[in-house]
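Raw my_file31.cif, mmCIF, C-alpha atoms:
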```
data_entry
#
loop_
_atom_site.label_atom_id
_atom_site.label_comp_id
_atom_site.auth_asym_id
_atom_site.auth_seq_id
_atom_site.Cartn_x
_atom_site.Cartn_y
_atom_site.Cartn_z
CA MET A 1 25.48 23.83 -55.55
CA PRO A 2 22.36 25.77 -54.51
CA HIS A 3 22.83 29.18 -53.01
CA LEU A 4 22.93 29.27 -49.21
CA SER A 5 20.12 31.84 -49.11
CA ARG A 6 17.85 29.50 -51.08
CA LEU A 7 18.66 26.59 -48.78
CA THR A 8 18.01 28.74 -45.71
CA SER A 9 14.67 29.94 -47.09
CA LEU A 10 13.66 26.36 -47.88
CA ALA A 11 14.57 25.22 -44.38
CA MET A 12 12.52 28.04 -42.85
CA ALA A 13 9.54 27.15 -45.05
CA LEU A 14 9.69 23.50 -44.02
CA ALA A 15 10.02 24.47 -40.37
CA LEU A 16 6.88 26.60 -40.66
CA LEU A 17 5.07 23.73 -42.36
CA SER A 18 5.97 21.40 -39.50
CA GLY A 19 4.22 23.81 -37.14
CA ALA A 20 0.98 23.73 -39.13
CA PRO A 21 -0.77 21.28 -36.76
CA GLN A 22 -0.84 24.08 -34.14
CA LEU A 23 -3.65 25.62 -36.15
CA LEU A 24 -5.66 22.43 -35.65
CA ALA A 25 -4.74 22.22 -31.98
CA ALA A 26 -6.18 25.67 -31.45
CA GLU A 27 -9.52 24.49 -32.83
CA GLU A 28 -9.63 21.20 -30.93
CA PRO A 29 -9.87 20.67 -27.14
CA ALA A 30 -6.85 18.35 -27.24
CA THR A 31 -3.33 19.65 -27.88
CA LEU A 32 -0.38 18.10 -29.61
CA PRO A 33 2.71 17.19 -27.60
CA ALA A 34 5.54 19.69 -27.70
CA THR A 35 7.78 17.33 -29.65
CA ALA A 36 5.32 17.37 -32.54
CA VAL A 37 5.41 21.14 -33.05
CA SER A 38 8.38 22.61 -31.23
CA GLY A 39 10.89 22.12 -34.03
CA LYS A 40 13.66 21.41 -31.50
CA ALA A 41 14.93 18.44 -33.51
CA PRO A 42 17.87 19.47 -35.72
CA LEU A 43 17.03 20.07 -39.37
CA PRO A 44 18.35 17.39 -41.74
CA LEU A 45 20.68 19.78 -43.60
CA ASP A 46 22.18 17.21 -45.97
CA GLU A 47 18.74 16.06 -47.11
CA LEU A 48 17.51 19.66 -47.41
CA ARG A 49 20.58 20.49 -49.48
CA THR A 50 19.83 17.56 -51.80
CA PHE A 51 16.20 18.64 -52.04
CA ALA A 52 17.16 22.21 -52.94
CA GLU A 53 19.67 20.96 -55.50
CA VAL A 54 17.05 18.74 -57.17
CA LEU A 55 14.66 21.70 -57.20
CA ASP A 56 17.25 23.88 -58.93
CA ARG A 57 18.19 21.17 -61.45
CA ILE A 58 14.55 20.66 -62.44
CA LYS A 59 13.94 24.40 -62.80
CA SER A 60 17.01 24.87 -64.96
CA ALA A 61 17.08 21.68 -67.05
CA TYR A 62 13.53 20.32 -67.37
CA VAL A 63 12.20 20.42 -70.92
CA GLU A 64 9.44 22.89 -69.98
CA PRO A 65 9.43 25.71 -67.39
CA VAL A 66 8.01 24.67 -64.01
CA ASP A 67 7.22 27.19 -61.27
CA ASP A 68 8.19 26.78 -57.60
CA LYS A 69 4.55 26.41 -56.49
CA THR A 70 3.96 23.39 -58.75
CA LEU A 71 7.23 21.73 -57.77
CA LEU A 72 6.67 22.17 -54.04
CA GLU A 73 3.07 20.95 -54.19
CA ASN A 74 4.20 17.89 -56.14
CA ALA A 75 6.89 17.29 -53.52
CA ILE A 76 4.28 17.43 -50.76
CA LYS A 77 2.04 14.98 -52.64
CA GLY A 78 4.93 12.58 -53.05
CA MET A 79 5.82 12.93 -49.37
CA LEU A 80 2.29 11.89 -48.34
CA SER A 81 1.66 9.22 -50.97
CA ASN A 82 4.81 7.33 -49.96
CA LEU A 83 3.79 7.06 -46.30
CA ASP A 84 0.86 4.64 -46.72
CA PRO A 85 -2.05 4.13 -49.13
CA HIS A 86 -4.43 6.33 -47.10
CA SER A 87 -2.42 9.49 -46.36
CA ALA A 88 -2.82 12.25 -48.94
CA TYR A 89 -2.42 15.95 -49.63
CA LEU A 90 -5.84 17.44 -50.34
CA GLU A 91 -6.09 20.41 -52.63
CA PRO A 92 -9.26 22.56 -52.31
CA GLU A 93 -11.32 20.42 -54.69
CA ASP A 94 -10.20 17.15 -53.04
CA PHE A 95 -10.89 18.58 -49.57
CA GLN A 96 -14.39 19.59 -50.64
CA GLU A 97 -15.05 16.14 -52.12
CA LEU A 98 -13.95 14.45 -48.89
CA GLN A 99 -16.36 16.60 -46.88
CA GLU A 100 -19.15 15.82 -49.33
CA SER A 101 -18.53 12.05 -49.23
CA THR A 102 -18.80 11.90 -45.43
CA SER A 103 -22.08 13.83 -45.63
CA GLY A 104 -23.43 11.27 -48.11
CA GLU A 105 -23.60 13.29 -51.33
CA PHE A 106 -20.90 13.55 -53.98
CA GLY A 107 -20.29 13.20 -57.68
CA GLY A 108 -18.66 10.25 -59.44
CA LEU A 109 -19.02 6.50 -59.87
CA GLY A 110 -19.76 5.37 -56.32
CA ILE A 111 -16.64 3.30 -55.85
CA GLU A 112 -14.20 3.10 -52.93
CA VAL A 113 -10.64 2.43 -54.06
CA GLY A 114 -7.23 1.84 -52.52
CA ALA A 115 -3.65 1.42 -53.74
CA GLU A 116 -1.93 -1.96 -53.92
CA ASP A 117 1.46 -2.72 -55.52
CA GLY A 118 1.22 0.34 -57.71
CA PHE A 119 -2.27 -0.49 -58.98
CA ILE A 120 -5.67 0.92 -58.08
CA LYS A 121 -7.77 -1.71 -56.34
CA VAL A 122 -11.50 -1.68 -55.72
CA VAL A 123 -12.28 -1.85 -52.01
CA SER A 124 -16.01 -1.72 -52.46
CA PRO A 125 -18.68 -0.44 -54.85
CA ILE A 126 -21.40 1.51 -53.04
CA ASP A 127 -24.98 0.27 -53.35
CA ASP A 128 -27.25 1.78 -56.00
CA THR A 129 -24.47 3.63 -57.82
CA PRO A 130 -23.08 3.27 -61.38
CA ALA A 131 -20.24 1.08 -60.08
CA SER A 132 -22.49 -1.44 -58.31
CA LYS A 133 -25.00 -1.53 -61.18
CA ALA A 134 -22.17 -2.28 -63.62
CA GLY A 135 -21.16 -5.32 -61.58
CA ILE A 136 -17.81 -4.01 -60.32
CA GLN A 137 -16.65 -6.20 -57.42
CA PRO A 138 -14.33 -5.82 -54.40
CA GLY A 139 -10.81 -6.86 -55.35
CA ASP A 140 -11.05 -5.80 -58.99
CA LEU A 141 -7.91 -4.05 -60.21
CA ILE A 142 -8.41 -0.89 -62.26
CA VAL A 143 -5.57 -1.08 -64.77
CA LYS A 144 -6.73 1.68 -67.11
CA ILE A 145 -8.98 4.73 -66.90
CA ASP A 146 -10.22 5.87 -70.32
CA GLY A 147 -7.38 3.94 -71.90
CA GLN A 148 -4.67 5.48 -69.72
CA PRO A 149 -2.70 3.00 -67.55
CA THR A 150 -3.03 3.50 -63.80
CA LYS A 151 0.25 1.78 -62.91
CA GLY A 152 2.29 4.19 -60.81
CA ILE A 153 -0.21 7.06 -60.58
CA SER A 154 -1.23 8.27 -57.13
CA LEU A 155 -4.52 7.27 -55.55
CA MET A 156 -5.72 10.90 -55.52
CA ASP A 157 -4.93 11.29 -59.23
CA ALA A 158 -6.89 8.13 -60.00
CA VAL A 159 -9.86 9.42 -58.00
CA ASP A 160 -9.65 12.76 -59.84
CA LYS A 161 -9.81 10.96 -63.17
CA MET A 162 -12.89 8.98 -62.12
CA ARG A 163 -14.71 12.02 -60.80
CA GLY A 164 -16.50 14.20 -63.33
CA LYS A 165 -19.70 15.82 -64.45
CA ALA A 166 -22.87 13.78 -63.97
CA GLY A 167 -23.91 12.24 -67.28
CA SER A 168 -20.41 12.02 -68.72
CA LYS A 169 -19.04 8.61 -69.74
CA ILE A 170 -15.92 6.84 -68.55
CA THR A 171 -14.37 3.47 -69.41
CA LEU A 172 -12.55 1.44 -66.77
CA THR A 173 -10.34 -1.49 -67.72
CA LEU A 174 -10.49 -4.11 -64.97
CA VAL A 175 -8.68 -7.31 -64.09
CA ARG A 176 -10.57 -9.78 -61.91
CA ASP A 177 -8.96 -12.72 -60.10
CA GLY A 178 -5.87 -12.59 -62.31
CA GLY A 179 -7.87 -13.05 -65.49
CA GLN A 180 -7.83 -11.15 -68.77
CA PRO A 181 -8.50 -7.37 -68.75
CA PHE A 182 -12.00 -6.29 -69.72
CA ASP A 183 -13.65 -2.91 -70.21
CA VAL A 184 -16.63 -1.53 -68.34
CA GLU A 185 -18.29 1.65 -69.57
CA LEU A 186 -20.03 3.71 -66.92
CA VAL A 187 -21.96 6.97 -66.83
CA ARG A 188 -21.02 9.29 -63.97
CA ALA A 189 -23.85 10.32 -61.68
CA ALA A 190 -24.57 12.59 -58.76
CA ILE A 191 -24.07 10.08 -55.97
CA LYS A 192 -26.50 10.39 -53.10
CA VAL A 193 -25.77 7.53 -50.78
CA LYS A 194 -28.39 6.43 -48.29
CA SER A 195 -26.23 4.90 -45.61
CA VAL A 196 -28.89 2.73 -43.90
CA LYS A 197 -31.56 0.47 -45.41
CA SER A 198 -33.88 -1.82 -43.49
CA GLN A 199 -36.79 -4.19 -43.98
CA LEU A 200 -38.45 -7.27 -42.53
CA LEU A 201 -37.18 -10.41 -44.23
CA GLU A 202 -40.19 -12.24 -42.87
CA LYS A 203 -42.30 -12.10 -39.74
CA GLY A 204 -40.04 -11.56 -36.72
CA TYR A 205 -36.76 -11.22 -38.60
CA GLY A 206 -35.31 -7.84 -39.47
CA TYR A 207 -32.55 -6.77 -41.84
CA VAL A 208 -30.39 -3.64 -41.54
CA ARG A 209 -27.80 -2.82 -44.20
CA ILE A 210 -25.20 -0.08 -43.73
CA THR A 211 -23.60 0.95 -47.04
CA GLN A 212 -21.04 3.33 -45.49
CA PHE A 213 -20.56 5.23 -42.24
CA GLN A 214 -21.60 8.85 -42.63
CA VAL A 215 -22.05 11.54 -40.00
CA ASN A 216 -25.70 10.60 -39.29
CA THR A 217 -25.43 6.81 -39.66
CA GLY A 218 -25.70 6.10 -35.93
CA GLU A 219 -28.94 8.04 -35.69
CA GLU A 220 -30.30 6.37 -38.83
CA VAL A 221 -29.63 2.87 -37.45
CA GLY A 222 -31.54 3.79 -34.28
CA LYS A 223 -34.52 4.88 -36.39
CA ALA A 224 -34.30 1.73 -38.52
CA LEU A 225 -34.44 -0.54 -35.46
CA ALA A 226 -37.48 1.33 -34.12
CA LYS A 227 -39.25 1.06 -37.50
CA LEU A 228 -38.57 -2.68 -37.72
CA ARG A 229 -40.18 -3.21 -34.30
CA LYS A 230 -43.17 -1.15 -35.39
CA ASP A 231 -43.54 -3.05 -38.68
CA ASN A 232 -43.30 -6.33 -36.76
CA ASN A 233 -45.88 -5.20 -34.19
CA GLY A 234 -43.48 -5.96 -31.38
CA ARG A 235 -40.07 -7.29 -30.46
CA LEU A 236 -38.04 -8.98 -33.19
CA SER A 237 -36.96 -12.62 -33.04
CA GLY A 238 -33.68 -11.94 -34.81
CA LEU A 239 -31.75 -9.39 -36.81
CA VAL A 240 -29.21 -9.45 -39.65
CA LEU A 241 -26.73 -6.54 -39.72
CA ASP A 242 -25.22 -6.40 -43.21
CA LEU A 243 -21.76 -4.76 -43.42
CA ARG A 244 -20.69 -6.40 -46.67
CA ASN A 245 -18.95 -4.10 -49.17
CA ASN A 246 -19.04 -1.29 -46.62
CA PRO A 247 -15.85 0.75 -47.19
CA GLY A 248 -15.98 2.49 -43.80
CA GLY A 249 -16.25 6.19 -43.05
CA VAL A 250 -16.61 8.22 -39.87
CA LEU A 251 -15.16 6.67 -36.71
CA GLN A 252 -17.73 8.25 -34.38
CA SER A 253 -20.58 6.75 -36.40
CA ALA A 254 -19.07 3.28 -36.06
CA VAL A 255 -19.00 3.80 -32.30
CA GLU A 256 -22.63 4.92 -32.25
CA VAL A 257 -23.78 1.92 -34.31
CA SER A 258 -21.90 -0.51 -32.06
CA ASP A 259 -23.46 1.16 -29.02
CA HIS A 260 -26.96 0.37 -30.34
CA PHE A 261 -26.18 -3.34 -29.79
CA LEU A 262 -24.10 -3.21 -26.58
CA LYS A 263 -24.98 -2.32 -22.99
CA LYS A 264 -21.52 -1.96 -21.53
CA GLY A 265 -17.82 -2.33 -22.16
CA LEU A 266 -15.19 -0.97 -24.50
CA ILE A 267 -16.10 -0.56 -28.17
CA VAL A 268 -12.77 0.50 -29.69
CA TYR A 269 -9.60 2.31 -28.74
CA THR A 270 -6.92 3.99 -30.82
CA LYS A 271 -3.18 4.36 -30.30
CA GLY A 272 -0.86 6.81 -32.02
CA ARG A 273 2.13 9.06 -31.39
CA ILE A 274 0.30 12.25 -30.47
CA ALA A 275 -1.83 12.85 -27.41
CA ASN A 276 -5.18 13.42 -29.13
CA SER A 277 -4.84 10.16 -31.07
CA GLU A 278 -5.20 8.14 -27.84
CA LEU A 279 -8.97 7.63 -27.69
CA ARG A 280 -11.26 5.13 -25.95
CA PHE A 281 -14.96 4.66 -26.63
CA SER A 282 -17.32 2.67 -24.38
CA ALA A 283 -20.98 1.65 -24.61
CA ASP A 284 -23.77 3.17 -22.57
CA PRO A 285 -26.46 1.04 -20.82
CA ALA A 286 -29.16 1.68 -23.46
CA ASP A 287 -29.68 -1.14 -25.99
CA ALA A 288 -31.72 -0.10 -29.03
CA SER A 289 -31.62 -3.67 -30.37
CA GLU A 290 -33.26 -5.09 -27.22
CA GLY A 291 -30.70 -7.89 -27.15
CA VAL A 292 -32.27 -9.87 -30.01
CA PRO A 293 -30.18 -12.62 -31.64
CA LEU A 294 -27.85 -11.01 -34.15
CA VAL A 295 -25.92 -12.18 -37.22
CA VAL A 296 -23.40 -9.77 -38.78
CA LEU A 297 -22.47 -10.27 -42.43
CA ILE A 298 -18.95 -9.23 -43.56
CA ASN A 299 -16.76 -9.83 -46.61
CA GLY A 300 -13.58 -8.61 -48.28
CA GLY A 301 -15.21 -5.25 -48.99
CA SER A 302 -15.93 -4.58 -45.29
CA ALA A 303 -13.29 -2.09 -44.22
CA SER A 304 -12.28 0.41 -41.55
CA ALA A 305 -15.37 1.58 -39.63
CA ALA A 306 -17.25 -1.58 -40.67
CA GLU A 307 -14.45 -3.64 -39.11
CA ILE A 308 -14.67 -1.59 -35.91
CA VAL A 309 -18.33 -2.56 -35.53
CA ALA A 310 -17.73 -6.20 -36.48
CA GLY A 311 -14.73 -6.50 -34.14
CA ALA A 312 -16.56 -4.96 -31.18
CA LEU A 313 -19.63 -7.20 -31.57
CA GLN A 314 -17.44 -10.27 -32.02
CA ASP A 315 -15.27 -9.55 -28.96
CA HIS A 316 -18.35 -9.00 -26.79
CA LYS A 317 -19.97 -12.15 -28.23
CA ARG A 318 -23.00 -10.02 -29.03
CA GLY A 319 -23.57 -11.63 -32.40
CA VAL A 320 -22.34 -14.26 -34.82
CA LEU A 321 -20.11 -13.01 -37.62
CA MET A 322 -20.75 -14.74 -40.93
CA GLY A 323 -19.25 -14.38 -44.40
CA THR A 324 -15.60 -14.06 -45.43
CA ASP A 325 -12.52 -12.27 -44.06
CA SER A 326 -12.79 -8.47 -44.00
CA PHE A 327 -10.48 -6.02 -45.80
CA GLY A 328 -8.00 -5.30 -42.98
CA LYS A 329 -7.82 -1.51 -42.78
CA GLY A 330 -7.09 -0.89 -39.12
CA SER A 331 -5.80 2.67 -39.32
CA VAL A 332 -7.40 6.01 -38.49
CA GLN A 333 -6.98 9.07 -40.71
CA THR A 334 -7.22 12.59 -39.35
CA VAL A 335 -7.96 15.53 -41.63
CA LEU A 336 -5.66 18.41 -40.70
CA PRO A 337 -6.79 21.69 -42.35
CA LEU A 338 -4.05 23.87 -43.80
CA ASN A 339 -4.24 27.36 -45.25
CA ASN A 340 -5.79 28.18 -48.66
CA ASP A 341 -8.56 25.57 -48.20
CA ARG A 342 -6.08 22.70 -48.34
CA ALA A 343 -5.67 19.84 -45.89
CA LEU A 344 -3.63 16.78 -45.00
CA LYS A 345 -5.37 13.43 -44.67
CA LEU A 346 -2.85 11.81 -42.39
CA THR A 347 -2.78 8.38 -40.77
CA THR A 348 -2.43 9.22 -37.09
CA ALA A 349 -3.39 6.04 -35.23
CA LEU A 350 -4.21 2.36 -35.34
CA TYR A 351 -7.47 1.15 -33.84
CA TYR A 352 -7.89 -1.91 -31.66
CA THR A 353 -10.91 -4.04 -30.82
CA PRO A 354 -12.00 -4.38 -27.16
CA ASN A 355 -9.79 -7.47 -26.74
CA GLY A 356 -6.76 -5.59 -28.07
CA ARG A 357 -6.73 -7.00 -31.61
CA SER A 358 -5.24 -4.86 -34.36
CA ILE A 359 -7.07 -5.40 -37.62
CA GLN A 360 -4.40 -3.74 -39.75
CA ALA A 361 -3.42 -5.91 -42.73
CA GLN A 362 -5.17 -8.93 -41.15
CA GLY A 363 -8.88 -8.20 -41.09
CA ILE A 364 -11.73 -9.72 -39.12
CA VAL A 365 -12.20 -13.47 -39.46
CA PRO A 366 -15.89 -14.48 -39.32
CA ASP A 367 -17.12 -17.02 -36.79
CA ILE A 368 -18.78 -18.97 -39.62
CA GLU A 369 -17.28 -18.79 -43.09
CA VAL A 370 -19.84 -18.60 -45.86
CA ALA A 371 -18.58 -17.72 -49.32
CA ARG A 372 -20.65 -16.06 -52.02
CA ALA A 373 -22.61 -18.60 -54.00
CA LYS A 374 -25.52 -18.90 -56.35
CA VAL A 375 -28.21 -21.38 -55.46
CA THR A 376 -30.59 -22.49 -58.19
CA ARG A 377 -33.90 -23.86 -57.03
CA GLU A 378 -35.05 -27.03 -58.72
CA GLN A 379 -38.54 -27.04 -60.11
CA ASP A 380 -40.76 -29.35 -58.14
CA GLY A 381 -42.53 -31.96 -60.24
CA GLU A 382 -46.23 -32.54 -59.88
CA THR A 383 -46.78 -34.06 -56.45
CA PHE A 384 -49.73 -35.21 -54.42
CA LYS A 385 -50.24 -35.22 -50.69
CA GLU A 386 -52.70 -37.04 -48.47
CA ALA A 387 -54.88 -33.94 -48.40
CA ASP A 388 -55.25 -34.13 -52.21
CA LEU A 389 -56.79 -37.61 -52.11
CA ALA A 390 -60.52 -37.89 -52.42
CA GLY A 391 -62.20 -39.08 -49.24
CA HIS A 392 -59.16 -38.49 -47.04
CA LEU A 393 -59.64 -38.38 -43.30
CA GLY A 394 -59.66 -35.07 -41.49
CA ASN A 395 -56.93 -33.92 -39.13
CA GLY A 396 -57.23 -35.55 -35.69
CA ASN A 397 -56.85 -32.21 -33.93
CA GLY A 398 -59.26 -30.40 -36.19
CA GLY A 399 -56.58 -28.62 -38.21
CA ALA A 400 -57.24 -27.37 -41.75
CA ASP A 401 -56.17 -29.46 -44.74
CA ARG A 402 -52.97 -28.41 -46.54
CA PRO A 403 -53.04 -29.89 -50.04
CA SER A 404 -50.06 -29.40 -52.36
CA SER A 405 -52.00 -26.97 -54.56
CA SER A 406 -52.31 -24.54 -51.63
CA LYS A 407 -48.58 -23.79 -51.58
CA LYS A 408 -48.30 -20.78 -53.85
CA SER A 409 -44.96 -19.18 -54.72
CA ALA A 410 -44.37 -16.13 -52.52
CA GLU A 411 -43.22 -12.65 -53.54
CA PRO A 412 -39.44 -12.44 -54.19
CA ARG A 413 -37.44 -11.75 -51.02
CA PRO A 414 -33.84 -10.50 -50.64
CA GLN A 415 -32.72 -13.81 -49.12
CA ASP A 416 -33.95 -15.78 -52.14
CA ASP A 417 -31.07 -14.58 -54.34
CA ASP A 418 -28.49 -13.95 -51.62
CA PHE A 419 -26.94 -17.17 -50.31
CA GLN A 420 -25.06 -15.52 -47.44
CA LEU A 421 -28.17 -13.67 -46.28
CA SER A 422 -30.29 -16.81 -46.47
CA GLN A 423 -27.73 -18.66 -44.34
CA ALA A 424 -27.78 -15.83 -41.79
CA LEU A 425 -31.57 -16.03 -41.60
CA ASN A 426 -31.45 -19.82 -41.18
CA LEU A 427 -28.95 -19.44 -38.33
CA LEU A 428 -31.20 -16.94 -36.56
CA LYS A 429 -34.13 -19.32 -36.84
CA GLY A 430 -31.99 -22.14 -35.45
CA LEU A 431 -30.90 -19.97 -32.52
CA ASN A 432 -34.53 -19.24 -31.72
CA VAL A 433 -35.51 -22.92 -31.89
CA THR A 434 -32.81 -23.87 -29.39
CA ARG A 435 -33.68 -20.96 -27.10
CA GLU A 436 -37.34 -21.95 -27.06
CA ASN A 437 -36.43 -25.54 -26.17
#
```
Could you show the structure in this file as structure tokens?
Amino acid sequence: MPHLSRLTSLAMALALLSGAPQLLAAEEPATLPATAVSGKAPLPLDELRTFAEVLDRIKSAYVEPVDDKTLLENAIKGMLSNLDPHSAYLEPEDFQELQESTSGEFGGLGIEVGAEDGFIKVVSPIDDTPASKAGIQPGDLIVKIDGQPTKGISLMDAVDKMRGKAGSKITLTLVRDGGQPFDVELVRAAIKVKSVKSQLLEKGYGYVRITQFQVNTGEEVGKALAKLRKDNNGRLSGLVLDLRNNPGGVLQSAVEVSDHFLKKGLIVYTKGRIANSELRFSADPADASEGVPLVVLINGGSASAAEIVAGALQDHKRGVLMGTDSFGKGSVQTVLPLNNDRALKLTTALYYTPNGRSIQAQGIVPDIEVARAKVTREQDGETFKEADLAGHLGNGNGGADRPSSSKKSAEPRPQDDDFQLSQALNLLKGLNVTREN
């Protein structure tokens, strides 16, 4: 049996650890309830005794010497990884990488991953990164990293293996839709993610894509809407907001983006066990979108913050959601700094849409389901129109002739090779036709 002094010291250490959130409470305006930090609940002595005994057995019998620091840190990692797929213990390097990713600049492959049934699953590749250029898709299972199986390893360990020096190579073995494994070789890069892209699809119709929600995403969407109006020389006739393959990000940014399209009402609220996890966010009267018809594109790679935006706009009937069911991550993670530049990424709340829907493990269902598809245009044969005939009569209203030869192929547009986007644009045009009538 372990010595009593060792068990007592371990109990004291765990009691001190349970008080760690007080450090965060001192930095934040909100405070944690007394039950979360007081330590009044009796210590689970039997479990602590078992823990101390396992610690001693490992130290005395394991094939190689292992120090207390390594064993305790591994125990903490196991404690967090077995709570849910998104809670984690962040060592200094991991903590730094998390801060970099929310600022929009980090090193790696540009791929958002999660854990599912012991495997590493792709949530979403990020636009213009090695992962997206290699054709990696949401839902792909990563079964090996450089030949090493991923079955059973923690999510953080998998991320560590995929991170590395820019320019170095890595091979991922993937399984897609239950098929045969195949290898994809990628070259790591310094990932600089631009979270918002925008352009006019054609006269009157704008397109805004959000790749992930970073600290400044709300501000960037506001600038994108203003630029689209300027490029269009006036108010838009319709807008497509593309949240496909958006893995989420900062909660506050999701609120700010939603607010750009809403004039009033609740955007999202969160519910958890501690006081500062009970949050409510509402829209202000300003409407940066000017109330133009809106179609929001989502798919299985739309997660977390992207689902907050989609759920708020759907509940307020502000736009039409189109695409496929979203990912279903309806939880909020809070980063709790510890000492020695470490932190806990802990799931502290679930979020709810304005109508009280929890998205967790269900996702957002689009109003109009449109699956990914490839549409191949048929080549038109040689045709003739009335205007091509010699001696044809002129237009009765004086309009110009439009012979078949005058219809030249236009410059390639995003909607030409994107079936879901083309359907969104067609819907916007239909909405405008009915409004005008």
Atom pair CA of Ser60 in chain A / CA of Asn74 in chain A: separation (Å):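 The value is 17.0 Å.
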Exercise: Gly164 in chain A partners within 10 Å, only C-alpha atoms, chain neighbours under 4 positions left out, as JSON, numbers by chain: {"A": [107, 108, 109, 159, 160, 168, 169, 170, 187, 188, 189, 190]}
Matched chain/residue IDs from the PyMOL selection byres ((chain A and resi 359) around 6), as a ChimeraX atom specification: /A:328,330,358,360,362-363
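Proximity to Arg402 in chain A was assessed for A:Leu389, A:Val240, A:Leu294, A:Leu90 counting all atoms listed in the file; the smallest distance is recorded for A:Leu389.
If you look at CA of Asp140 in chain A and CA of Ser124 in chain A, they are 9.2 Å away from each other.
In this structure, CA of Leu155 in chain A sits 26.0 Å away from CA of Pro65 in chain A.
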Ref. answer, residues at most 12 Å from (-10.5, -1.7, -30.6) with all atoms listed in the file, as number ranges by chain: A: 251, 254-255, 258, 265-271, 278-282, 304-305, 307-316, 330-332, 349-360, 364
Result set of the PyMOL selection byres ((chain A and resi 205-213) around 9) on the coordinates above, as a VMD selection string: chain A and resid 102 104 126 to 127 193 to 204 214 to 218 221 224 to 225 228 to 229 232 236 to 254 305 to 306 425 428 to 429
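Distances from A:Arg342, A:Lys227, A:Arg49, A:Lys329 to Ser289 in chain A were compared using all atoms listed in the file, and the smallest one belongs to A:Lys227.
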Pick from A:Leu80, A:Thr376, A:Lys69, A:Gly179, whichever lies nearest to Asp418 in chain A using all atoms listed in the file: A:Thr376
Residue IDs satisfying the PyMOL selection byres ((chain A and resi 134) around 12), as a list in words: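 Listing what the PyMOL selection byres ((chain A and resi 134) around 12) selects in the shown file: Leu109, Gly110, Ile111, Pro125, Ile126, Asp127, Asp128, Thr129, Pro130, Ala131, Ser132, Lys133, Gly135, Ile136, Gln137, Thr171, Leu172, Leu174, Asp183, Val184, Glu185, Leu186, Val187 and Arg188 of chain A.
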Contacts of Pro366 in chain A within 9 Å, only C-alpha atoms, excl. fewer than 2 positions in-chain, as an MDAnalysis selection string: chainID A and resid 296:299 310 314 320:326 364 368:370
Given all atoms listed in the file as the counted atoms, nearest of A:His86, A:Lys223, A:Lys263, A:Arg57 to Gln333 in chain A: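 So, comparing all the options, the nearest one is A:His86.
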Long-range neighbours of Gly152 in chain A as number ranges by chain, 12 Å cut-off, all atoms listed in the file, 2 positions minimum in chain: A: 78, 81-82, 115-120, 142-144, 148-150, 154-158
Expected file: the selected residues, C-alpha atoms, as a tab-separated table (two decimals), in the coordinates of the input:
```tsv
chain	number	residue	atom	x	y	z
A	78	GLY	CA	4.93	12.58	-53.05
A	81	SER	CA	1.66	9.22	-50.97
A	82	ASN	CA	4.81	7.33	-49.96
A	115	ALA	CA	-3.65	1.42	-53.74
A	116	GLU	CA	-1.93	-1.96	-53.92
A	117	ASP	CA	1.46	-2.72	-55.52
A	118	GLY	CA	1.22	0.34	-57.71
A	119	PHE	CA	-2.27	-0.49	-58.98
A	120	ILE	CA	-5.67	0.92	-58.08
A	142	ILE	CA	-8.41	-0.89	-62.26
A	143	VAL	CA	-5.57	-1.08	-64.77
A	144	LYS	CA	-6.73	1.68	-67.11
A	148	GLN	CA	-4.67	5.48	-69.72
A	149	PRO	CA	-2.70	3.00	-67.55
A	150	THR	CA	-3.03	3.50	-63.80
A	154	SER	CA	-1.23	8.27	-57.13
A	155	LEU	CA	-4.52	7.27	-55.55
A	156	MET	CA	-5.72	10.90	-55.52
A	157	ASP	CA	-4.93	11.29	-59.23
A	158	ALA	CA	-6.89	8.13	-60.00
```
Answer as a ChimeraX atom specification, residues within 12 Å of (-32.2, -12.5, -52.1) using all atoms listed in the file: /A:201,207,373-376,411-425
